[in-house]
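*Asks:* Take this structure first; my questions come after.
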Amino acid sequence: MLDGDRVMAGDTVWDLLLGAGRVEEVTPDGGFSVRFGTRRTLRYTQDGYFVGVKRVYWFNPVITTPRKGRYDRLEFARAVIAVIDQYHGT
């Protein structure tokens with residue numbers, strides 16, 4: 001299970017370095033193979049790890065760029081809520 005959801009052939013997932021790819025095969029141990037473009041295929045563990053590093057998610061995890069100056073928690077919280085609303089609706 002990838003982040004709590006079952007992975008199936010045909011699913012689209014997001015690799016942190018390669019971007020979007022399509023799941024080609026799911027093995028009995030829960031691992032899965034993902035094709036990126038026409039030539040590259042990588043195999044991941046059931047929880048999205050490749051060579052010991054978590055690289056696969058269902059969507060691109062959004063990371064905010066830190067700004068100079070005081071950390072504004074309210075501004076950060078608003079940005080997170082906007083991202084959640086974009087993916088899940090209000």
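Residue names in the structure tokens use chain letters A, B, ... in the order shown, residue numbers from 1 in each chain, and ligand numbers from 1 in the order shown.
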Quick one: DSSP strand (DSSP E or B) residues in chain A, as an MDAnalysis selection string?

*Replies:* chainID A and resid 2 5 12:15 19:26 32:36 40:44 49:50 53:54 56:57

*Asks:* Hey, what's within 8 Å of range 3-8 of chain A if we count only C-alpha atoms and toss same-chain stuff fewer than 3 positions away? As a PyMOL selection string, please?

*Replies:* chain A and resi 11+23+25-26+30+32+47+57

*Asks:* Separation of CA of Val83 in chain A and CA of Leu42 in chain A, in Å?

*Replies:* 28.4 Å

*Asks:* Provide the CA of Ala20 in chain A to CA of Val34 in chain A distance in Å, to one decimal place.

*Replies:*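 Separation between CA of Ala20 in chain A and CA of Val34 in chain A: 9.3 Å.
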
*Asks:* With distances taken over only C-alpha atoms, which of A:Gly19, A:Ala9, A:Arg73, A:Thr41 is nearest to Pro61 in chain A?

*Replies:*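 When distances to Pro61 in chain A are compared using only C-alpha atoms, the smallest one comes from A:Gly19.
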
*Asks:* At what distance in Å, to one decimal, does CA of Trp14 in chain A lie from CA of Trp58 in chain A?

*Replies:* 5.7 Å

*Asks:* For Leu17 in chain A, which residue out of A:Leu2, A:Gly48, A:Arg55, A:Arg43 is the nearest one, using only C-alpha atoms?

*Replies:*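 For Leu17 in chain A, the nearest of the given residues is A:Arg55.
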
*Asks:* Name the residues of chain A that fall into alpha helix (DSSP H) according to DSSP on the backbone, using the chain letters and numbers of this document, as a ChimeraX atom specification.

*Replies:* /A:73-88
